[in-house]
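Pasting upload-v7.pdb here (PDB, C-alpha atoms):
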ATOM      1  CA  MET F 196       3.501   5.846  -2.400  1.00  0.00           C
ATOM      2  CA  ALA F 197       5.056   4.482   0.796  1.00  0.00           C
ATOM      3  CA  TYR F 198       4.723   0.712   1.089  1.00  0.00           C
ATOM      4  CA  ASP F 199       4.396  -1.280   4.313  1.00  0.00           C
ATOM      5  CA  ILE F 200       6.212  -4.555   3.599  1.00  0.00           C
ATOM      6  CA  THR F 201       5.762  -7.706   5.665  1.00  0.00           C
ATOM      7  CA  SER F 202       6.934 -11.305   5.538  1.00  0.00           C
ATOM      8  CA  ARG F 203       4.563 -14.140   6.369  1.00  0.00           C
ATOM      9  CA  GLU F 204       3.790 -17.801   5.760  1.00  0.00           C
ATOM     10  CA  ILE F 205       0.888 -18.592   3.476  1.00  0.00           C
ATOM     11  CA  PRO F 206      -0.679 -22.083   3.524  1.00  0.00           C
ATOM     12  CA  ASP F 207      -1.323 -24.455   0.646  1.00  0.00           C
ATOM     13  CA  GLN F 208      -4.241 -23.137  -1.428  1.00  0.00           C
ATOM     14  CA  PRO F 209      -6.555 -25.245  -3.617  1.00  0.00           C
ATOM     15  CA  ILE F 210      -7.528 -23.312  -6.750  1.00  0.00           C
ATOM     16  CA  VAL F 211      -9.224 -23.463 -10.097  1.00  0.00           C
ATOM     17  CA  SER F 212      -7.181 -21.734 -12.770  1.00  0.00           C
ATOM     18  CA  ILE F 213      -6.525 -21.028 -16.420  1.00  0.00           C
ATOM     19  CA  ARG F 214      -2.943 -20.485 -17.571  1.00  0.00           C
ATOM     20  CA  GLU F 215      -1.922 -18.932 -20.882  1.00  0.00           C
ATOM     21  CA  ARG F 216       0.977 -17.090 -22.483  1.00  0.00           C
ATOM     22  CA  ILE F 217      -0.313 -13.806 -23.872  1.00  0.00           C
ATOM     23  CA  ASP F 218       0.889 -10.391 -24.965  1.00  0.00           C
ATOM     24  CA  GLN F 219       1.160  -7.986 -22.019  1.00  0.00           C
ATOM     25  CA  ALA F 220      -1.135  -5.463 -23.712  1.00  0.00           C
ATOM     26  CA  GLU F 221      -3.912  -8.092 -23.751  1.00  0.00           C
ATOM     27  CA  LEU F 222      -3.842  -8.758 -19.984  1.00  0.00           C
ATOM     28  CA  PRO F 223      -6.925  -6.670 -19.030  1.00  0.00           C
ATOM     29  CA  ILE F 224      -9.132  -8.361 -21.633  1.00  0.00           C
ATOM     30  CA  PHE F 225      -7.680 -11.771 -20.777  1.00  0.00           C
ATOM     31  CA  PHE F 226      -8.356 -11.282 -17.051  1.00  0.00           C
ATOM     32  CA  GLY F 227     -11.951 -10.186 -17.608  1.00  0.00           C
ATOM     33  CA  ARG F 228     -12.687 -13.146 -19.862  1.00  0.00           C
ATOM     34  CA  VAL F 229     -10.915 -15.764 -17.754  1.00  0.00           C
ATOM     35  CA  PHE F 230     -12.212 -14.641 -14.355  1.00  0.00           C
ATOM     36  CA  GLY F 231     -15.722 -14.804 -15.863  1.00  0.00           C
ATOM     37  CA  GLU F 232     -15.030 -18.335 -17.104  1.00  0.00           C
ATOM     38  CA  LEU F 233     -13.691 -19.496 -13.724  1.00  0.00           C
ATOM     39  CA  TYR F 234     -16.510 -18.014 -11.652  1.00  0.00           C
ATOM     40  CA  GLY F 235     -19.046 -19.387 -14.155  1.00  0.00           C
ATOM     41  CA  GLN F 236     -17.589 -22.881 -13.779  1.00  0.00           C
ATOM     42  CA  LEU F 237     -17.661 -22.629  -9.996  1.00  0.00           C
ATOM     43  CA  GLY F 238     -21.316 -21.555 -10.161  1.00  0.00           C
ATOM     44  CA  ARG F 239     -22.183 -24.548 -12.378  1.00  0.00           C
ATOM     45  CA  LEU F 240     -20.411 -26.888  -9.923  1.00  0.00           C
ATOM     46  CA  GLY F 241     -21.989 -25.276  -6.854  1.00  0.00           C
ATOM     47  CA  ILE F 242     -18.549 -24.426  -5.426  1.00  0.00           C
ATOM     48  CA  ALA F 243     -18.035 -21.168  -3.545  1.00  0.00           C
ATOM     49  CA  PRO F 244     -14.798 -19.181  -3.882  1.00  0.00           C
ATOM     50  CA  ASP F 245     -12.637 -19.321  -0.736  1.00  0.00           C
ATOM     51  CA  GLY F 246     -10.751 -16.021  -0.813  1.00  0.00           C
ATOM     52  CA  GLU F 247      -9.795 -13.247  -3.169  1.00  0.00           C
ATOM     53  CA  PRO F 248      -8.826 -14.023  -6.769  1.00  0.00           C
ATOM     54  CA  PHE F 249      -5.196 -13.767  -7.794  1.00  0.00           C
ATOM     55  CA  VAL F 250      -2.811 -14.128 -10.706  1.00  0.00           C
ATOM     56  CA  ILE F 251       0.492 -16.002 -10.671  1.00  0.00           C
ATOM     57  CA  TYR F 252       2.990 -14.569 -13.142  1.00  0.00           C
ATOM     58  CA  HIS F 253       5.172 -17.529 -14.109  1.00  0.00           C
ATOM     59  CA  ALA F 254       7.281 -15.595 -16.646  1.00  0.00           C
ATOM     60  CA  PHE F 255       7.662 -12.256 -18.410  1.00  0.00           C
ATOM     61  CA  GLY F 256       9.578 -11.906 -21.643  1.00  0.00           C
ATOM     62  CA  PRO F 257       9.632 -10.978 -25.307  1.00  0.00           C
ATOM     63  CA  GLY F 258       7.327 -13.933 -26.041  1.00  0.00           C
ATOM     64  CA  GLY F 259       4.651 -12.520 -23.752  1.00  0.00           C
ATOM     65  CA  VAL F 260       3.481 -13.081 -20.206  1.00  0.00           C
ATOM     66  CA  ASP F 261       2.861 -16.555 -18.779  1.00  0.00           C
ATOM     67  CA  ALA F 262      -0.070 -15.799 -16.465  1.00  0.00           C
ATOM     68  CA  GLU F 263      -2.194 -18.158 -14.398  1.00  0.00           C
ATOM     69  CA  VAL F 264      -5.520 -16.668 -13.317  1.00  0.00           C
ATOM     70  CA  CYS F 265      -6.654 -18.304 -10.064  1.00  0.00           C
ATOM     71  CA  VAL F 266      -9.729 -18.462  -7.850  1.00  0.00           C
ATOM     72  CA  PRO F 267      -9.191 -20.049  -4.421  1.00  0.00           C
ATOM     73  CA  ILE F 268     -11.551 -22.834  -3.355  1.00  0.00           C
ATOM     74  CA  ALA F 269     -11.820 -24.973  -0.197  1.00  0.00           C
ATOM     75  CA  THR F 270     -10.810 -28.246  -1.845  1.00  0.00           C
ATOM     76  CA  VAL F 271      -9.517 -29.351  -5.250  1.00  0.00           C
ATOM     77  CA  ALA F 272     -12.251 -29.690  -7.884  1.00  0.00           C
ATOM     78  CA  VAL F 273     -12.451 -31.862 -10.992  1.00  0.00           C
ATOM     79  CA  PRO F 274     -10.637 -30.115 -13.875  1.00  0.00           C
ATOM     80  CA  SER F 275     -12.509 -29.557 -17.128  1.00  0.00           C
ATOM     81  CA  ASP F 276     -11.493 -28.416 -20.610  1.00  0.00           C
ATOM     82  CA  ARG F 277      -9.214 -25.395 -20.089  1.00  0.00           C
ATOM     83  CA  ILE F 278      -9.848 -25.132 -16.360  1.00  0.00           C
ATOM     84  CA  ASP F 279      -7.288 -26.781 -14.100  1.00  0.00           C
ATOM     85  CA  SER F 280      -7.655 -27.467 -10.394  1.00  0.00           C
ATOM     86  CA  ARG F 281      -4.632 -27.946  -8.181  1.00  0.00           C
ATOM     87  CA  VAL F 282      -3.033 -26.910  -4.918  1.00  0.00           C
ATOM     88  CA  VAL F 283      -0.673 -23.947  -4.937  1.00  0.00           C
ATOM     89  CA  PRO F 284       2.015 -24.884  -2.379  1.00  0.00           C
ATOM     90  CA  GLY F 285       2.393 -22.759   0.724  1.00  0.00           C
ATOM     91  CA  ALA F 286       5.384 -20.454   0.929  1.00  0.00           C
ATOM     92  CA  THR F 287       7.074 -17.684   2.808  1.00  0.00           C
ATOM     93  CA  VAL F 288       6.129 -14.478   1.009  1.00  0.00           C
ATOM     94  CA  VAL F 289       7.089 -10.855   1.236  1.00  0.00           C
ATOM     95  CA  GLU F 290       4.051  -8.730   0.471  1.00  0.00           C
ATOM     96  CA  THR F 291       2.708  -5.218   0.273  1.00  0.00           C
ATOM     97  CA  LEU F 292      -0.600  -3.531  -0.466  1.00  0.00           C
ATOM     98  CA  HIS F 293      -0.745  -1.294  -3.532  1.00  0.00           C
ATOM     99  CA  VAL F 294      -3.628   1.178  -3.702  1.00  0.00           C
ATOM    100  CA  GLY F 295      -4.068   2.704  -7.125  1.00  0.00           C
ATOM    101  CA  PRO F 296      -4.100   1.920 -10.834  1.00  0.00           C
ATOM    102  CA  TYR F 297      -2.636  -1.325 -12.094  1.00  0.00           C
ATOM    103  CA  ASP F 298      -0.221   0.554 -14.350  1.00  0.00           C
ATOM    104  CA  GLU F 299       1.507   1.848 -11.183  1.00  0.00           C
ATOM    105  CA  LEU F 300       2.084  -1.626  -9.686  1.00  0.00           C
ATOM    106  CA  GLY F 301       5.741  -1.407 -10.748  1.00  0.00           C
ATOM    107  CA  GLU F 302       6.317   0.833  -7.710  1.00  0.00           C
ATOM    108  CA  ALA F 303       5.198  -1.985  -5.387  1.00  0.00           C
ATOM    109  CA  TYR F 304       7.442  -4.466  -7.207  1.00  0.00           C
ATOM    110  CA  SER F 305      10.421  -2.119  -6.840  1.00  0.00           C
ATOM    111  CA  ALA F 306       9.731  -1.600  -3.138  1.00  0.00           C
ATOM    112  CA  LEU F 307       9.515  -5.364  -2.571  1.00  0.00           C
ATOM    113  CA  MET F 308      12.727  -6.074  -4.476  1.00  0.00           C
ATOM    114  CA  GLY F 309      14.552  -3.409  -2.462  1.00  0.00           C
ATOM    115  CA  TRP F 310      13.257  -4.867   0.818  1.00  0.00           C
ATOM    116  CA  ILE F 311      14.231  -8.400  -0.235  1.00  0.00           C
ATOM    117  CA  GLY F 312      17.814  -7.310  -0.952  1.00  0.00           C
ATOM    118  CA  GLN F 313      18.136  -5.272   2.253  1.00  0.00           C
ATOM    119  CA  HIS F 314      16.842  -8.140   4.421  1.00  0.00           C
ATOM    120  CA  HIS F 315      19.002 -10.865   2.838  1.00  0.00           C
ATOM    121  CA  PHE F 316      16.286 -12.817   1.080  1.00  0.00           C
ATOM    122  CA  GLU F 317      16.086 -14.165  -2.487  1.00  0.00           C
ATOM    123  CA  THR F 318      12.990 -14.631  -4.606  1.00  0.00           C
ATOM    124  CA  ALA F 319      11.896 -18.264  -4.718  1.00  0.00           C
ATOM    125  CA  GLY F 320       9.056 -18.532  -7.184  1.00  0.00           C
ATOM    126  CA  PRO F 321       6.652 -16.624  -9.342  1.00  0.00           C
ATOM    127  CA  VAL F 322       5.106 -13.385  -8.122  1.00  0.00           C
ATOM    128  CA  ARG F 323       1.410 -13.213  -7.253  1.00  0.00           C
ATOM    129  CA  GLU F 324      -1.075 -10.359  -7.359  1.00  0.00           C
ATOM    130  CA  ARG F 325      -4.165 -10.699  -5.142  1.00  0.00           C
ATOM    131  CA  TYR F 326      -7.091  -8.471  -6.061  1.00  0.00           C
ATOM    132  CA  LEU F 327      -9.048  -7.165  -3.067  1.00  0.00           C
ATOM    133  CA  ASN F 328     -11.603  -5.321  -5.182  1.00  0.00           C
ATOM    134  CA  GLU F 329     -12.727  -5.609  -8.759  1.00  0.00           C
ATOM    135  CA  PRO F 330     -12.534  -2.920 -11.428  1.00  0.00           C
ATOM    136  CA  GLY F 331     -15.883  -1.576 -12.504  1.00  0.00           C
ATOM    137  CA  PRO F 332     -17.920   1.550 -13.014  1.00  0.00           C
ATOM    138  CA  ASP F 333     -18.208   2.109  -9.239  1.00  0.00           C
ATOM    139  CA  VAL F 334     -14.496   1.565  -8.513  1.00  0.00           C
ATOM    140  CA  PRO F 335     -12.128   4.171  -9.959  1.00  0.00           C
ATOM    141  CA  PRO F 336      -8.535   3.033 -10.688  1.00  0.00           C
ATOM    142  CA  ALA F 337      -7.257   5.179  -7.800  1.00  0.00           C
ATOM    143  CA  ALA F 338      -9.225   2.877  -5.435  1.00  0.00           C
ATOM    144  CA  TYR F 339      -7.936  -0.482  -6.760  1.00  0.00           C
ATOM    145  CA  ARG F 340      -6.446  -2.543  -3.926  1.00  0.00           C
ATOM    146  CA  THR F 341      -3.870  -5.180  -4.892  1.00  0.00           C
ATOM    147  CA  ILE F 342      -1.596  -7.241  -2.659  1.00  0.00           C
ATOM    148  CA  VAL F 343       1.677  -8.084  -4.414  1.00  0.00           C
ATOM    149  CA  GLN F 344       3.370 -11.210  -3.018  1.00  0.00           C
ATOM    150  CA  MET F 345       6.832 -12.559  -3.792  1.00  0.00           C
ATOM    151  CA  PRO F 346       7.815 -16.010  -2.471  1.00  0.00           C
ATOM    152  CA  VAL F 347      11.227 -15.803  -0.780  1.00  0.00           C
ATOM    153  CA  VAL F 348      13.937 -17.833   0.958  1.00  0.00           C
ATOM    154  CA  GLN F 349      16.769 -16.658   3.161  1.00  0.00           C
ATOM    155  CA  ALA F 350      19.762 -15.778   0.978  1.00  0.00           C
ATOM    156  CA  ALA F 351      22.837 -17.957   1.239  1.00  0.00           C
ATOM    157  CA  VAL F 352      25.622 -16.101   3.018  1.00  0.00           C
ATOM    158  CA  ALA F 353      29.186 -16.701   1.878  1.00  0.00           C
ATOM    159  CA  ALA F 354      31.534 -18.016   4.595  1.00  0.00           C
ATOM    160  CA  ARG F 355      34.392 -15.709   5.604  1.00  0.00           C
TER     161      ARG F 355
END
For the file at hand, write its structure as structure tokens.
Amino acid sequence: MAYDITSREIPDQPIVSIRERIDQAELPIFFGRVFGELYGQLGRLGIAPDGEPFVIYHAFGPGGVDAEVCVPIATVAVPSDRIDSRVVPGATVVETLHVGPYDELGEAYSALMGWIGQHHFETAGPVRERYLNEPGPDVPPAAYRTIVQMPVVQAAVAAR
């Protein structure tokens, strides 16, 4: 797949979220459970989501994946039990749209990393995946739409 890659500023974003370290194989079940929990809590509080849901991947490694499942809201809410509410700081991101199954997202990551190197940027924070549509019986994996975002800064250039 050919990826159109852009750089843009994203503003601060209030969210509700749940963050856990889990085995990578358990991500689909984890996402389904946690998104349900977050949207349920927002419904109980009478708070409407303010944008598409996303996941921040804080770390990948042999001990599992440190994933924070997030739902954007207009203003910070009162945290409860496992559900946190905070503001994700704005950033300059490099992003691309991936259309297709989640197990092919690695292609988008590779394209972004190549672009970052070619344009003299460095990654500057955890990667984010924004989900523009939700998996379900009416949405085949080939139609999944995911924006992959990597926060970046201009790379330091050595003096000659």
Take the PyMOL selection byres ((chain F and resi 298) around 12), run it mentally on this structure, and tell me the resulting residues as an mmCIF file with C-alpha atoms, in the coordinates of the input.
data_model
loop_
_atom_site.group_PDB
_atom_site.id
_atom_site.type_symbol
_atom_site.label_atom_id
_atom_site.label_comp_id
_atom_site.auth_asym_id
_atom_site.auth_seq_id
_atom_site.Cartn_x
_atom_site.Cartn_y
_atom_site.Cartn_z
ATOM 1 C CA GLN F 219 1.160 -7.986 -22.019
ATOM 2 C CA ALA F 220 -1.135 -5.463 -23.712
ATOM 3 C CA LEU F 222 -3.842 -8.758 -19.984
ATOM 4 C CA PRO F 223 -6.925 -6.670 -19.030
ATOM 5 C CA HIS F 293 -0.745 -1.294 -3.532
ATOM 6 C CA VAL F 294 -3.628 1.178 -3.702
ATOM 7 C CA GLY F 295 -4.068 2.704 -7.125
ATOM 8 C CA PRO F 296 -4.100 1.920 -10.834
ATOM 9 C CA TYR F 297 -2.636 -1.325 -12.094
ATOM 10 C CA GLU F 299 1.507 1.848 -11.183
ATOM 11 C CA LEU F 300 2.084 -1.626 -9.686
ATOM 12 C CA GLY F 301 5.741 -1.407 -10.748
ATOM 13 C CA GLU F 302 6.317 0.833 -7.710
ATOM 14 C CA ALA F 303 5.198 -1.985 -5.387
ATOM 15 C CA TYR F 304 7.442 -4.466 -7.207
ATOM 16 C CA PRO F 336 -8.535 3.033 -10.688
ATOM 17 C CA ALA F 337 -7.257 5.179 -7.800
ATOM 18 C CA TYR F 339 -7.936 -0.482 -6.760
ATOM 19 C CA THR F 341 -3.870 -5.180 -4.892
#
Expanded to explicit residues, what is the PyMOL selection byres ((chain F and resi 243-260) around 6) for this file, as a short mmCIF file (atom, residue, chain, number, x, y, z; two decimals) with C-alpha atoms, in the coordinates of the input?
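Okay, result-v1.cif is ready:
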data_model
loop_
_atom_site.label_atom_id
_atom_site.label_comp_id
_atom_site.auth_asym_id
_atom_site.auth_seq_id
_atom_site.Cartn_x
_atom_site.Cartn_y
_atom_site.Cartn_z
CA ARG F 216 0.98 -17.09 -22.48
CA ILE F 217 -0.31 -13.81 -23.87
CA ASP F 218 0.89 -10.39 -24.96
CA GLN F 219 1.16 -7.99 -22.02
CA ILE F 242 -18.55 -24.43 -5.43
CA ASP F 261 2.86 -16.56 -18.78
CA ALA F 262 -0.07 -15.80 -16.46
CA GLU F 263 -2.19 -18.16 -14.40
CA VAL F 264 -5.52 -16.67 -13.32
CA CYS F 265 -6.65 -18.30 -10.06
CA VAL F 266 -9.73 -18.46 -7.85
CA PRO F 267 -9.19 -20.05 -4.42
CA ILE F 268 -11.55 -22.83 -3.36
CA ALA F 269 -11.82 -24.97 -0.20
CA PRO F 321 6.65 -16.62 -9.34
CA VAL F 322 5.11 -13.38 -8.12
CA ARG F 323 1.41 -13.21 -7.25
CA GLU F 324 -1.08 -10.36 -7.36
CA ARG F 325 -4.16 -10.70 -5.14
CA TYR F 326 -7.09 -8.47 -6.06
#
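Put simply, atom CA of Met345 of chain F is 6.4 Å away from atom CA of Glu290 of chain F.
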As lines of an AutoDock Vina configuration file, please: the centre and edge lengths in Å, to one decimal, of an axis-aligned box enclosing every listed atom of segment 202-214 of chain F with 3 Å added on each side.
center_x = -1.1
center_y = -18.3
center_z = -5.6
size_x = 22.2
size_y = 19.9
size_z = 29.9
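Nearest residue to Val229 of chain F, choosing from F:Ile278, F:Ala319, F:Ala197, F:Ala350 and counting all atoms listed in the file: F:Ile278.
Each of F:Gln236, F:Val211, F:Asp199, F:Gly241 was compared to Leu307 of chain F using all atoms listed in the file, and F:Asp199 turns out to be the nearest.
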Take atom CA of Phe226 of chain F and atom CA of Ser212 of chain F and report the distance between them in Å, one decimal.
11.4 Å
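When all atoms listed in the file are used to measure the gap to Phe230 of chain F, the shortest distance among F:Leu292, F:Arg214, F:Glu317, F:Gln349 belongs to F:Arg214.
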Min atom-atom distance to Pro274 of chain F from the set F:Phe225, F:Ala338, F:Ala351, F:Ile213, counting only C-alpha atoms, belongs to F:Ile213
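Distances from F:Val348, F:Ala306, F:Ala272, F:Val289 to Met196 of chain F were compared using only C-alpha atoms, and the smallest one belongs to F:Ala306.
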Using Å and a single decimal, report how far atom CA of Pro209 of chain F sits from atom CA of Thr287 of chain F.
16.9 Å
For segment 310-327 of chain F, supply N, CA and C atoms and report the output as a tab-separated table (two decimals), in the coordinates of the input.
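So the final result, stored in selection.tsv, reads:
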chain	number	residue	atom	x	y	z
F	310	TRP	N	13.38	-4.28	-0.52
F	310	TRP	CA	13.26	-4.87	0.82
F	310	TRP	C	13.92	-6.24	0.86
F	311	ILE	N	13.67	-7.04	-0.17
F	311	ILE	CA	14.23	-8.40	-0.24
F	311	ILE	C	15.76	-8.34	-0.18
F	312	GLY	N	16.36	-7.45	-0.96
F	312	GLY	CA	17.81	-7.31	-0.95
F	312	GLY	C	18.35	-6.82	0.39
F	313	GLN	N	17.68	-5.84	0.98
F	313	GLN	CA	18.14	-5.27	2.25
F	313	GLN	C	18.02	-6.26	3.42
F	314	HIS	N	17.08	-7.20	3.33
F	314	HIS	CA	16.84	-8.14	4.42
F	314	HIS	C	17.41	-9.52	4.15
F	315	HIS	N	18.27	-9.63	3.14
F	315	HIS	CA	19.00	-10.86	2.84
F	315	HIS	C	18.10	-12.05	2.49
F	316	PHE	N	17.13	-11.77	1.64
F	316	PHE	CA	16.29	-12.82	1.08
F	316	PHE	C	16.58	-12.93	-0.42
F	317	GLU	N	16.07	-13.99	-1.03
F	317	GLU	CA	16.09	-14.16	-2.49
F	317	GLU	C	14.69	-14.57	-2.91
F	318	THR	N	14.29	-14.18	-4.11
F	318	THR	CA	12.99	-14.63	-4.61
F	318	THR	C	13.06	-16.14	-4.84
F	319	ALA	N	11.92	-16.80	-4.65
F	319	ALA	CA	11.90	-18.26	-4.72
F	319	ALA	C	10.65	-18.78	-5.43
F	320	GLY	N	10.23	-18.08	-6.45
F	320	GLY	CA	9.06	-18.53	-7.18
F	320	GLY	C	8.37	-17.37	-7.84
F	321	PRO	N	7.34	-17.68	-8.60
F	321	PRO	CA	6.65	-16.62	-9.34
F	321	PRO	C	5.87	-15.68	-8.44
F	322	VAL	N	5.82	-14.43	-8.85
F	322	VAL	CA	5.11	-13.38	-8.12
F	322	VAL	C	3.60	-13.59	-8.27
F	323	ARG	N	2.87	-13.11	-7.26
F	323	ARG	CA	1.41	-13.21	-7.25
F	323	ARG	C	0.82	-11.83	-7.00
F	324	GLU	N	-0.29	-11.57	-7.64
F	324	GLU	CA	-1.08	-10.36	-7.36
F	324	GLU	C	-2.46	-10.80	-6.91
F	325	ARG	N	-2.84	-10.39	-5.70
F	325	ARG	CA	-4.16	-10.70	-5.14
F	325	ARG	C	-5.02	-9.45	-5.24
F	326	TYR	N	-6.21	-9.61	-5.78
F	326	TYR	CA	-7.09	-8.47	-6.06
F	326	TYR	C	-8.18	-8.38	-4.99
F	327	LEU	N	-8.12	-7.33	-4.18
F	327	LEU	CA	-9.05	-7.16	-3.07
F	327	LEU	C	-10.36	-6.53	-3.49
